[in-house]
file run25.txt (compact mmCIF, C-alpha atoms and all ligand atoms)
# COMPACT_ATOMS: atom_id res chain seq x y z
CA MET A 49 -56.53 -50.05 -19.12
CA ARG A 50 -57.05 -53.29 -17.17
CA PHE A 51 -59.21 -51.84 -14.41
CA LYS A 52 -62.39 -50.18 -15.63
CA LYS A 53 -64.43 -49.70 -12.48
CA VAL A 54 -62.71 -48.74 -9.24
CA VAL A 55 -64.57 -48.57 -5.93
CA ILE A 56 -63.31 -46.87 -2.79
CA ILE A 57 -64.86 -47.63 0.59
CA GLY A 58 -64.70 -44.62 2.93
CA GLY A 59 -64.48 -40.96 1.97
CA GLY A 60 -61.94 -39.71 4.50
CA VAL A 61 -58.59 -38.08 3.78
CA LEU A 62 -57.10 -41.03 1.96
CA GLY A 63 -60.28 -42.47 0.41
CA THR A 64 -61.01 -39.13 -1.27
CA GLN A 65 -57.47 -38.76 -2.55
CA ILE A 66 -57.33 -42.32 -3.92
CA GLY A 67 -60.71 -41.84 -5.61
CA LEU A 68 -59.64 -38.60 -7.26
CA MET A 69 -56.36 -40.10 -8.41
CA SER A 70 -58.25 -43.04 -9.91
CA ALA A 71 -60.61 -40.71 -11.79
CA TYR A 72 -57.71 -38.46 -12.83
CA THR A 73 -56.09 -41.45 -14.54
CA GLY A 74 -59.28 -42.20 -16.46
CA HIS A 75 -61.00 -44.83 -14.32
CA ASP A 76 -64.72 -44.90 -13.67
CA THR A 77 -64.57 -44.36 -9.90
CA THR A 78 -67.20 -44.78 -7.20
CA LEU A 79 -66.62 -43.58 -3.67
CA TRP A 80 -68.99 -45.37 -1.31
CA LEU A 81 -70.12 -43.42 1.78
CA ARG A 82 -72.24 -44.75 4.61
CA SER A 83 -74.67 -41.85 5.10
CA GLU A 84 -75.93 -38.48 3.90
CA GLY A 85 -73.86 -36.99 6.74
CA SER A 86 -70.74 -38.54 5.18
CA VAL A 87 -71.58 -36.85 1.88
CA GLY A 88 -71.57 -33.50 3.69
CA ARG A 89 -68.16 -34.29 5.17
CA THR A 90 -66.62 -35.76 2.02
CA GLN A 91 -67.80 -33.22 -0.57
CA PRO A 92 -65.58 -30.40 0.83
CA LYS A 93 -62.62 -32.79 0.76
CA VAL A 94 -63.34 -33.62 -2.87
CA GLU A 95 -63.35 -29.93 -3.69
CA GLN A 96 -60.25 -29.21 -1.60
CA TYR A 97 -58.11 -32.05 -3.00
CA SER A 98 -59.21 -31.69 -6.62
CA ALA A 99 -58.42 -27.95 -6.42
CA ALA A 100 -55.03 -28.73 -4.84
CA MET A 101 -54.23 -31.15 -7.66
CA ILE A 102 -55.13 -28.56 -10.32
CA ALA A 103 -53.15 -25.87 -8.43
CA ASP A 104 -50.11 -28.15 -8.33
CA LEU A 105 -50.39 -28.69 -12.07
CA GLU A 106 -50.64 -24.92 -12.59
CA ASP A 107 -47.51 -24.46 -10.43
CA ALA A 108 -45.72 -27.18 -12.40
CA LYS A 109 -45.98 -25.00 -15.53
CA LYS A 110 -43.64 -22.51 -13.83
CA LEU A 111 -41.10 -25.32 -13.38
CA VAL A 112 -40.81 -26.07 -17.10
CA GLY A 113 -37.23 -25.22 -18.09
CA ASN A 114 -36.10 -24.98 -14.44
CA PRO A 115 -33.42 -27.57 -13.56
CA MET A 116 -35.14 -28.11 -10.18
CA GLY A 117 -38.35 -29.03 -12.01
CA ALA A 118 -37.34 -32.69 -12.22
CA PHE A 119 -37.33 -32.84 -8.40
CA LEU A 120 -40.31 -30.65 -7.63
CA TYR A 121 -43.00 -31.63 -10.15
CA PRO A 122 -46.06 -33.50 -8.78
CA HIS A 123 -45.01 -37.06 -9.57
CA GLY A 124 -48.49 -38.58 -9.40
CA LEU A 125 -50.02 -36.03 -11.76
CA ILE A 126 -47.29 -36.00 -14.40
CA ARG A 127 -46.03 -39.45 -15.30
CA SER A 128 -42.75 -38.25 -16.76
CA TRP A 129 -41.10 -34.84 -16.50
CA GLU A 130 -38.90 -35.50 -19.51
CA GLY A 131 -40.22 -33.56 -22.47
CA CYS A 132 -42.98 -31.99 -20.36
CA THR A 133 -44.29 -28.71 -21.81
CA VAL A 134 -46.68 -25.97 -20.66
CA GLU A 135 -49.12 -27.08 -23.38
CA GLY A 136 -48.87 -30.68 -22.19
CA ILE A 137 -49.70 -29.60 -18.62
CA ASP A 138 -52.63 -27.52 -19.90
CA GLU A 139 -53.98 -30.68 -21.52
CA LEU A 140 -53.60 -32.56 -18.24
CA ILE A 141 -55.52 -29.81 -16.44
CA ALA A 142 -58.35 -29.95 -18.98
CA THR A 143 -58.55 -33.76 -18.75
CA ALA A 144 -58.42 -33.62 -14.94
CA LYS A 145 -61.38 -31.21 -14.78
CA LYS A 146 -63.37 -33.38 -17.20
CA ASN A 147 -62.53 -36.64 -15.42
CA PHE A 148 -63.34 -35.28 -11.94
CA LYS A 149 -66.73 -34.23 -13.28
CA GLU A 150 -67.56 -37.28 -15.38
CA LEU A 151 -65.76 -40.23 -13.78
CA PHE A 152 -65.93 -39.55 -10.04
CA HIS A 153 -69.18 -40.55 -8.29
CA LEU A 154 -70.35 -40.59 -4.68
CA GLU A 155 -72.71 -43.47 -3.83
CA LEU A 156 -74.61 -44.43 -0.67
CA ASP A 157 -76.04 -47.74 -1.90
CA LEU A 158 -73.38 -50.39 -1.22
CA ALA A 159 -74.78 -52.99 -3.66
CA LYS A 160 -74.92 -50.41 -6.44
CA ALA A 161 -71.43 -49.16 -5.64
CA LEU A 162 -69.90 -52.64 -5.79
CA GLU A 163 -71.72 -53.76 -8.93
CA ASP A 164 -69.25 -54.84 -11.62
CA ALA A 165 -66.26 -53.53 -9.66
CA ASP A 166 -62.83 -54.58 -10.92
CA ILE A 167 -61.05 -53.48 -7.78
CA VAL A 168 -62.22 -52.27 -4.37
CA ILE A 169 -59.97 -50.28 -2.06
CA GLU A 170 -61.04 -50.20 1.57
CA ALA A 171 -59.95 -46.88 3.12
CA MET A 172 -62.08 -46.80 6.26
CA ALA A 173 -60.93 -45.53 9.63
CA GLU A 174 -58.28 -47.63 11.38
CA ASN A 175 -60.69 -49.68 13.47
CA PRO A 176 -60.34 -53.48 13.15
CA GLU A 177 -63.89 -54.30 14.35
CA GLN A 178 -65.47 -51.86 11.91
CA LYS A 179 -63.31 -53.09 9.04
CA ILE A 180 -64.32 -56.71 9.79
CA GLU A 181 -67.99 -55.70 9.92
CA MET A 182 -67.64 -53.93 6.58
CA TYR A 183 -65.93 -56.91 4.92
CA GLY A 184 -68.85 -59.04 6.17
CA LYS A 185 -71.35 -56.67 4.52
CA MET A 186 -69.43 -56.56 1.24
CA LYS A 187 -68.69 -60.29 1.02
CA ASP A 188 -71.79 -61.35 -0.89
CA LEU A 189 -72.12 -58.15 -2.92
CA ILE A 190 -68.67 -58.13 -4.51
CA PRO A 191 -68.53 -59.85 -7.90
CA GLU A 192 -66.42 -63.00 -8.24
CA LYS A 193 -63.76 -61.24 -10.39
CA THR A 194 -63.14 -58.35 -7.99
CA ILE A 195 -59.83 -57.75 -6.24
CA LEU A 196 -60.08 -56.30 -2.74
CA CYS A 197 -57.34 -54.18 -1.15
CA THR A 198 -56.92 -52.46 2.18
CA ASN A 199 -55.12 -49.16 2.64
CA SER A 200 -54.63 -49.79 6.37
CA SER A 201 -51.42 -48.27 7.72
CA THR A 202 -51.01 -50.28 10.89
CA LEU A 203 -53.09 -53.47 10.48
CA LEU A 204 -51.94 -56.52 8.51
CA PRO A 205 -54.01 -58.08 5.68
CA SER A 206 -53.72 -61.51 7.38
CA MET A 207 -55.85 -60.08 10.24
CA PHE A 208 -58.79 -59.64 7.84
CA ALA A 209 -58.28 -62.13 4.99
CA GLU A 210 -60.69 -64.76 6.38
CA TYR A 211 -63.52 -62.21 6.75
CA THR A 212 -63.37 -61.05 3.14
CA GLY A 213 -64.70 -64.25 1.57
CA ARG A 214 -61.89 -63.97 -1.02
CA PRO A 215 -58.58 -64.31 0.84
CA GLU A 216 -56.70 -65.18 -2.37
CA LYS A 217 -57.93 -61.96 -4.00
CA TYR A 218 -57.08 -59.76 -1.01
CA CYS A 219 -53.94 -57.81 -0.12
CA ALA A 220 -52.81 -54.36 1.02
CA LEU A 221 -52.18 -51.41 -1.26
CA HIS A 222 -50.87 -48.65 0.94
CA PHE A 223 -50.77 -45.04 -0.16
CA ALA A 224 -49.11 -41.99 1.40
CA ASN A 225 -50.98 -38.79 2.27
CA THR A 226 -51.14 -36.28 -0.67
CA ILE A 227 -50.86 -39.19 -3.08
CA TRP A 228 -50.76 -36.98 -6.17
CA LYS A 229 -47.33 -35.76 -5.03
CA ASN A 230 -46.08 -38.56 -2.80
CA ASN A 231 -47.01 -41.38 -5.15
CA THR A 232 -45.87 -44.50 -3.33
CA GLY A 233 -48.01 -47.62 -3.64
CA GLU A 234 -46.73 -50.22 -1.19
CA VAL A 235 -48.12 -53.62 -2.20
CA MET A 236 -48.18 -56.22 0.56
CA GLY A 237 -49.87 -59.60 0.38
CA HIS A 238 -50.66 -62.05 3.18
CA PRO A 239 -49.54 -65.69 2.92
CA GLY A 240 -52.79 -66.64 1.12
CA THR A 241 -52.72 -63.90 -1.57
CA ASP A 242 -52.63 -65.38 -5.07
CA PRO A 243 -49.35 -64.20 -6.70
CA GLU A 244 -51.28 -63.38 -9.87
CA VAL A 245 -53.61 -61.11 -7.91
CA TYR A 246 -50.59 -59.50 -6.29
CA ASP A 247 -49.17 -58.76 -9.76
CA GLN A 248 -52.49 -57.28 -10.85
CA VAL A 249 -52.47 -54.93 -7.84
CA VAL A 250 -48.95 -53.88 -8.82
CA ALA A 251 -50.29 -53.16 -12.33
CA PHE A 252 -53.24 -51.22 -10.89
CA ALA A 253 -50.94 -49.06 -8.74
CA ASP A 254 -49.01 -48.20 -11.88
CA GLU A 255 -52.25 -47.49 -13.80
CA ILE A 256 -53.18 -44.81 -11.27
CA ASN A 257 -49.69 -43.23 -11.46
CA MET A 258 -48.34 -44.66 -8.20
CA VAL A 259 -44.88 -46.19 -8.10
CA PRO A 260 -45.55 -49.79 -6.99
CA LEU A 261 -43.23 -50.78 -4.16
CA GLN A 262 -43.32 -54.52 -3.65
CA LEU A 263 -43.01 -56.13 -0.22
CA HIS A 264 -42.18 -59.84 -0.28
CA LYS A 265 -43.82 -60.55 3.08
CA GLU A 266 -46.03 -58.92 5.70
CA GLN A 267 -44.34 -56.19 7.69
CA PRO A 268 -46.10 -53.95 10.22
CA GLY A 269 -45.50 -50.37 9.04
CA TYR A 270 -44.61 -51.54 5.53
CA ILE A 271 -41.26 -50.23 4.22
CA LEU A 272 -41.83 -46.52 4.79
CA ASN A 273 -43.11 -46.45 8.36
CA SER A 274 -40.63 -49.16 9.42
CA MET A 275 -37.98 -46.50 8.73
CA LEU A 276 -39.88 -43.27 9.33
CA VAL A 277 -41.38 -43.99 12.76
CA PRO A 278 -38.03 -44.90 14.42
CA PHE A 279 -36.41 -41.86 12.74
CA LEU A 280 -39.08 -39.45 14.00
CA THR A 281 -38.99 -41.08 17.44
CA ALA A 282 -35.20 -40.60 17.63
CA ALA A 283 -35.63 -36.90 16.80
CA GLN A 284 -38.36 -36.45 19.41
CA ALA A 285 -36.18 -38.21 22.00
CA LEU A 286 -33.34 -35.73 21.36
CA TRP A 287 -35.83 -32.89 21.88
CA ALA A 288 -37.47 -34.38 24.99
CA ASN A 289 -34.05 -35.16 26.50
CA GLU A 290 -33.11 -31.48 25.99
CA VAL A 291 -30.10 -32.39 23.83
CA ALA A 292 -31.05 -29.87 21.12
CA ASP A 293 -34.05 -27.86 19.94
CA PRO A 294 -36.20 -28.93 16.93
CA GLU A 295 -34.72 -26.27 14.62
CA THR A 296 -31.16 -27.45 15.30
CA ILE A 297 -32.10 -31.11 14.91
CA ASP A 298 -33.78 -30.35 11.57
CA LEU A 299 -30.85 -28.23 10.39
CA THR A 300 -28.41 -31.03 11.23
CA TRP A 301 -30.41 -33.52 9.18
CA ARG A 302 -30.87 -31.21 6.21
CA LEU A 303 -27.23 -30.08 6.06
CA ALA A 304 -25.71 -33.50 6.56
CA THR A 305 -27.94 -35.47 4.18
CA SER A 306 -29.14 -32.82 1.69
CA ALA A 307 -32.69 -33.87 2.61
CA PRO A 308 -35.24 -31.10 1.92
CA ALA A 309 -36.91 -31.45 5.34
CA GLY A 310 -35.89 -32.39 8.86
CA PRO A 311 -37.84 -34.67 11.23
CA PHE A 312 -39.81 -31.87 12.90
CA GLN A 313 -40.84 -30.45 9.53
CA ILE A 314 -42.02 -33.95 8.64
CA LEU A 315 -43.86 -34.20 11.97
CA ASP A 316 -45.67 -30.96 11.13
CA ILE A 317 -46.85 -32.53 7.87
CA VAL A 318 -47.85 -35.84 9.46
CA GLY A 319 -49.66 -33.97 12.24
CA LEU A 320 -48.76 -33.91 15.93
CA THR A 321 -51.95 -35.75 16.90
CA THR A 322 -50.89 -38.79 14.88
CA ALA A 323 -47.37 -38.60 16.39
CA TYR A 324 -48.92 -38.38 19.87
CA ASN A 325 -51.23 -41.37 19.22
CA ILE A 326 -48.30 -43.48 18.02
CA ASN A 327 -46.25 -42.47 21.08
CA GLN A 328 -49.07 -43.25 23.52
CA MET A 329 -49.38 -46.82 22.17
CA LYS A 330 -46.05 -47.66 23.83
CA PRO A 331 -46.41 -48.98 27.43
CA GLU A 332 -43.57 -46.67 28.69
CA ALA A 333 -45.70 -43.67 27.66
CA GLN A 334 -47.82 -44.36 30.76
CA VAL A 335 -44.79 -44.55 33.11
CA GLU A 336 -44.16 -41.10 34.57
CA GLY A 337 -40.58 -39.89 34.25
CA THR A 338 -39.60 -42.02 31.23
CA LEU A 339 -38.40 -40.31 28.06
CA THR A 340 -41.40 -41.71 26.13
CA TRP A 341 -43.74 -40.27 28.77
CA LYS A 342 -41.99 -36.89 28.44
CA MET A 343 -42.31 -36.99 24.65
CA GLY A 344 -46.06 -37.54 25.10
CA GLN A 345 -46.30 -34.62 27.55
CA LEU A 346 -44.45 -32.25 25.20
CA LEU A 347 -46.57 -33.22 22.20
CA LYS A 348 -49.76 -32.87 24.24
CA GLU A 349 -48.78 -29.37 25.38
CA LYS A 350 -48.54 -28.32 21.74
CA ILE A 351 -51.74 -30.14 20.74
CA ASP A 352 -53.63 -28.44 23.61
CA LYS A 353 -52.50 -25.07 22.24
CA GLY A 354 -53.86 -26.05 18.81
CA GLU A 355 -50.36 -26.35 17.36
CA THR A 356 -50.97 -29.62 15.55
CA GLY A 357 -48.99 -29.02 12.37
CA VAL A 358 -49.18 -27.56 8.88
CA THR A 359 -52.96 -27.92 8.49
CA ALA A 360 -53.50 -25.94 11.73
CA GLY A 361 -51.11 -23.20 10.55
CA LYS A 362 -48.69 -23.92 13.39
CA GLY A 363 -46.80 -26.90 14.75
CA PHE A 364 -43.08 -26.85 15.44
CA TYR A 365 -43.00 -24.04 12.87
CA ASP A 366 -45.34 -21.15 12.11
CA TYR A 367 -46.98 -21.45 8.67
CA THR A 368 -49.14 -18.34 8.93
CA LYS A 369 -46.33 -15.97 8.03
N1 LIG B 1 -54.17 -40.33 6.80
C1 LIG B 1 -53.07 -40.87 6.32
O1 LIG B 1 -52.04 -40.22 6.21
C2 LIG B 1 -53.08 -42.32 5.85
C3 LIG B 1 -52.03 -42.75 5.02
C4 LIG B 1 -52.06 -44.06 4.55
C5 LIG B 1 -53.07 -44.92 4.92
N2 LIG B 1 -54.07 -44.49 5.75
C6 LIG B 1 -55.10 -45.46 6.11
O2 LIG B 1 -56.28 -45.15 5.37
C7 LIG B 1 -57.44 -45.50 6.13
C8 LIG B 1 -58.30 -44.27 6.28
O3 LIG B 1 -57.54 -43.25 6.88
P1 LIG B 1 -57.94 -41.72 6.74
O4 LIG B 1 -56.77 -40.94 7.20
O5 LIG B 1 -58.50 -41.48 5.39
O6 LIG B 1 -59.09 -41.64 7.84
P2 LIG B 1 -60.30 -40.62 7.96
O7 LIG B 1 -60.67 -40.60 9.39
O8 LIG B 1 -60.00 -39.34 7.26
O9 LIG B 1 -61.45 -41.35 7.12
C9 LIG B 1 -62.06 -42.53 7.51
C10 LIG B 1 -63.33 -42.71 6.72
O10 LIG B 1 -63.92 -43.96 7.13
C11 LIG B 1 -65.31 -43.77 7.28
N3 LIG B 1 -65.79 -44.76 8.24
C12 LIG B 1 -65.42 -44.91 9.53
N4 LIG B 1 -66.11 -45.93 10.08
C13 LIG B 1 -66.92 -46.42 9.11
C14 LIG B 1 -67.89 -47.46 9.06
N5 LIG B 1 -68.15 -48.20 10.12
N6 LIG B 1 -68.53 -47.69 7.90
C15 LIG B 1 -68.27 -46.95 6.82
N7 LIG B 1 -67.38 -45.94 6.80
C16 LIG B 1 -66.71 -45.68 7.93
C17 LIG B 1 -65.44 -42.35 7.81
O11 LIG B 1 -66.74 -41.84 7.56
C18 LIG B 1 -64.39 -41.63 6.98
O12 LIG B 1 -64.91 -41.21 5.74
C19 LIG B 1 -56.92 -46.07 7.46
O13 LIG B 1 -56.88 -47.46 7.38
C20 LIG B 1 -55.50 -45.49 7.55
O14 LIG B 1 -54.64 -46.33 8.29
C21 LIG B 1 -54.10 -43.20 6.21

call {"tool": "encode", "arguments": {"input": "run25.txt", "output": "structure tokens", "more": "lines below"}}
Ligand SMILES: NC(=O)c1ccc[n+]([C@@H]2O[C@H](COP(=O)([O-])OP(=O)(O)OC[C@H]3O[C@@H](n4cnc5c(N)ncnc54)[C@H](O)[C@@H]3O)[C@@H](O)[C@H]2O)c1
result
Amino acid sequence: MRFKKVVIIGGGVLGTQIGLMSAYTGHDTTLWLRSEGSVGRTQPKVEQYSAAMIADLEDAKKLVGNPMGAFLYPHGLIRSWEGCTVEGIDELIATAKKNFKELFHLELDLAKALEDADIVIEAMAENPEQKIEMYGKMKDLIPEKTILCTNSSTLLPSMFAEYTGRPEKYCALHFANTIWKNNTGEVMGHPGTDPEVYDQVVAFADEINMVPLQLHKEQPGYILNSMLVPFLTAAQALWANEVADPETIDLTWRLATSAPAGPFQILDIVGLTTAYNINQMKPEAQVEGTLTWKMGQLLKEKIDKGETGVTAGKGFYDYTK
């Protein structure tokens, strides 16, 4: 294993998941949090996600021998489905429990957290000013050898490189939500990233069971969101323009492409609040009567009713039944 100590900055949804995945794959992992209050908010997430990972492994045992298993197994937790046995999964569960307990640490002291780090993943909230401030604080505490990555979804590494004090050792490593199942690791450098560092980040992504997806240049939205956002927007436009209802739009997509989920099922997973925030960033969203404005209104109606997606139990579909 090339990377011995992994440090995650920020214990939100993604920071917690990345930290657990790093510990799961045998890395000494420190999740830095800014306050005691953050510990209270992060600890339940640690419990929730580690339990979900174990539950998905338990479920995977039922897939052994099932031809659909190769499609449905949790790709981040089981490196290869070929030859996978119930006993093998039991071993993974035992190791996971041990690693979560022994290798995953929460830390409030930044200097202590960063000490001897091989790689640091910044997974703080999507706020450029706060990220810059954090890079400033970390600059003189990070050892010379350390590689620094951002998990930012919408901001480019070139926006921050100069503030890190190590532009050549800085790039983006972008994960997807529920990383133990959706194990993409989009690796995106900025023009000043050292190609050797880039290759090491690719190797790290692989070490923590992500599939490294290499971008050759900076691209807002990376590969995934460059495709997904326009696709979801097109579906919402059909709905807002009263061409068809969400169920019919989803059915069309599933039947015609054999995809397991349609755009509104995906929107329920992403969360309607995120979809609304993305929509409202467009200038036309503020112009009454435009289709983008109407899409915002329709999403807001659902959000105001608490129908924000799968985690709320209801979005475009009802998950309580
Ligand atoms: N949620 C997703 O689906 C997703 C997917 C891929 C990438 N990301 C990216 O990951 C990053 C984090 O997203 P998230 O969804 O985990 O957000 P989140 O809101 O769940 O967590 C953000 C974390 O940052 C911490 N934080 C905020 N300001 C801070 C500060 N000034 N100092 C220290 N800590 C601070 C918060 O306490 C919290 O723990 C963002 O850059 C986002 O774009 C999110």

call {"tool": "residues_around", "arguments": {"input": "run25.txt", "residues": "stretch 148-158 of chain A", "least_positions_apart": "5", "cutoff": "10 Å", "atoms": "all atoms listed in the file", "output": "PyMOL selection string"}}
result
chain A and resi 53-57+59+67-84+86-87+90-91+94-95+98+143+163+185-186+189-190

call {"tool": "closest_residue", "arguments": {"input": "run25.txt", "among": "A:Trp341, A:Phe252, A:Leu162, A:Lys109", "to": "A:Glu135", "atoms": "only C-alpha atoms"}}
result
A:Lys109

call {"tool": "residues_near_ligand", "arguments": {"input": "run25.txt", "ligand": "ligand LIG 1 (chain B)", "cutoff": "8 Å", "atoms": "all atoms listed in the file", "output": "PDB file with C-alpha atoms, in the coordinates of the input"}}
result
ATOM      1  CA  ILE A  57     -64.860 -47.630   0.590  1.00  0.00           C
ATOM      2  CA  GLY A  58     -64.700 -44.620   2.930  1.00  0.00           C
ATOM      3  CA  GLY A  59     -64.480 -40.960   1.970  1.00  0.00           C
ATOM      4  CA  GLY A  60     -61.940 -39.710   4.500  1.00  0.00           C
ATOM      5  CA  VAL A  61     -58.590 -38.080   3.780  1.00  0.00           C
ATOM      6  CA  LEU A  62     -57.100 -41.030   1.960  1.00  0.00           C
ATOM      7  CA  GLY A  63     -60.280 -42.470   0.410  1.00  0.00           C
ATOM      8  CA  THR A  64     -61.010 -39.130  -1.270  1.00  0.00           C
ATOM      9  CA  LEU A  81     -70.120 -43.420   1.780  1.00  0.00           C
ATOM     10  CA  ARG A  82     -72.240 -44.750   4.610  1.00  0.00           C
ATOM     11  CA  SER A  86     -70.740 -38.540   5.180  1.00  0.00           C
ATOM     12  CA  ARG A  89     -68.160 -34.290   5.170  1.00  0.00           C
ATOM     13  CA  THR A  90     -66.620 -35.760   2.020  1.00  0.00           C
ATOM     14  CA  GLU A 170     -61.040 -50.200   1.570  1.00  0.00           C
ATOM     15  CA  ALA A 171     -59.950 -46.880   3.120  1.00  0.00           C
ATOM     16  CA  MET A 172     -62.080 -46.800   6.260  1.00  0.00           C
ATOM     17  CA  ALA A 173     -60.930 -45.530   9.630  1.00  0.00           C
ATOM     18  CA  GLU A 174     -58.280 -47.630  11.380  1.00  0.00           C
ATOM     19  CA  ASN A 175     -60.690 -49.680  13.470  1.00  0.00           C
ATOM     20  CA  GLN A 178     -65.470 -51.860  11.910  1.00  0.00           C
ATOM     21  CA  LYS A 179     -63.310 -53.090   9.040  1.00  0.00           C
ATOM     22  CA  GLU A 181     -67.990 -55.700   9.920  1.00  0.00           C
ATOM     23  CA  MET A 182     -67.640 -53.930   6.580  1.00  0.00           C
ATOM     24  CA  THR A 198     -56.920 -52.460   2.180  1.00  0.00           C
ATOM     25  CA  ASN A 199     -55.120 -49.160   2.640  1.00  0.00           C
ATOM     26  CA  SER A 200     -54.630 -49.790   6.370  1.00  0.00           C
ATOM     27  CA  SER A 201     -51.420 -48.270   7.720  1.00  0.00           C
ATOM     28  CA  THR A 202     -51.010 -50.280  10.890  1.00  0.00           C
ATOM     29  CA  LEU A 203     -53.090 -53.470  10.480  1.00  0.00           C
ATOM     30  CA  HIS A 222     -50.870 -48.650   0.940  1.00  0.00           C
ATOM     31  CA  PHE A 223     -50.770 -45.040  -0.160  1.00  0.00           C
ATOM     32  CA  ALA A 224     -49.110 -41.990   1.400  1.00  0.00           C
ATOM     33  CA  ASN A 225     -50.980 -38.790   2.270  1.00  0.00           C
ATOM     34  CA  THR A 226     -51.140 -36.280  -0.670  1.00  0.00           C
ATOM     35  CA  VAL A 318     -47.850 -35.840   9.460  1.00  0.00           C
TER      36      VAL A 318
END

call {"tool": "residues_around", "arguments": {"input": "run25.txt", "residues": "A:Glu255", "least_positions_apart": "2", "cutoff": "9 Å", "atoms": "all atoms listed in the file", "output": "PyMOL selection string"}}
result
chain A and resi 49-51+70+73+250-253+257-258

call {"tool": "closest_residue", "arguments": {"input": "run25.txt", "among": "A:Arg302, A:Leu111, A:Thr281, A:Cys219", "to": "A:Gly344", "atoms": "all atoms listed in the file"}}
result
A:Thr281

call {"tool": "closest_residue", "arguments": {"input": "run25.txt", "among": "A:Asn327, A:Gln313, A:Ser274, A:Thr232", "to": "A:Ile256", "atoms": "only C-alpha atoms"}}
result
A:Thr232

call {"tool": "residues_around", "arguments": {"input": "run25.txt", "residues": "A:Ala360", "least_positions_apart": "3", "cutoff": "12 Å", "atoms": "only C-alpha atoms", "output": "NGL selection string"}}
result
:A and (316-321 or 350-351 or 353-357 or 363-368)

call {"tool": "closest_residue", "arguments": {"input": "run25.txt", "among": "A:Ile326, A:Ile137, A:Ala108, A:Leu347", "to": "A:Pro278", "atoms": "only C-alpha atoms"}}
result
A:Ile326
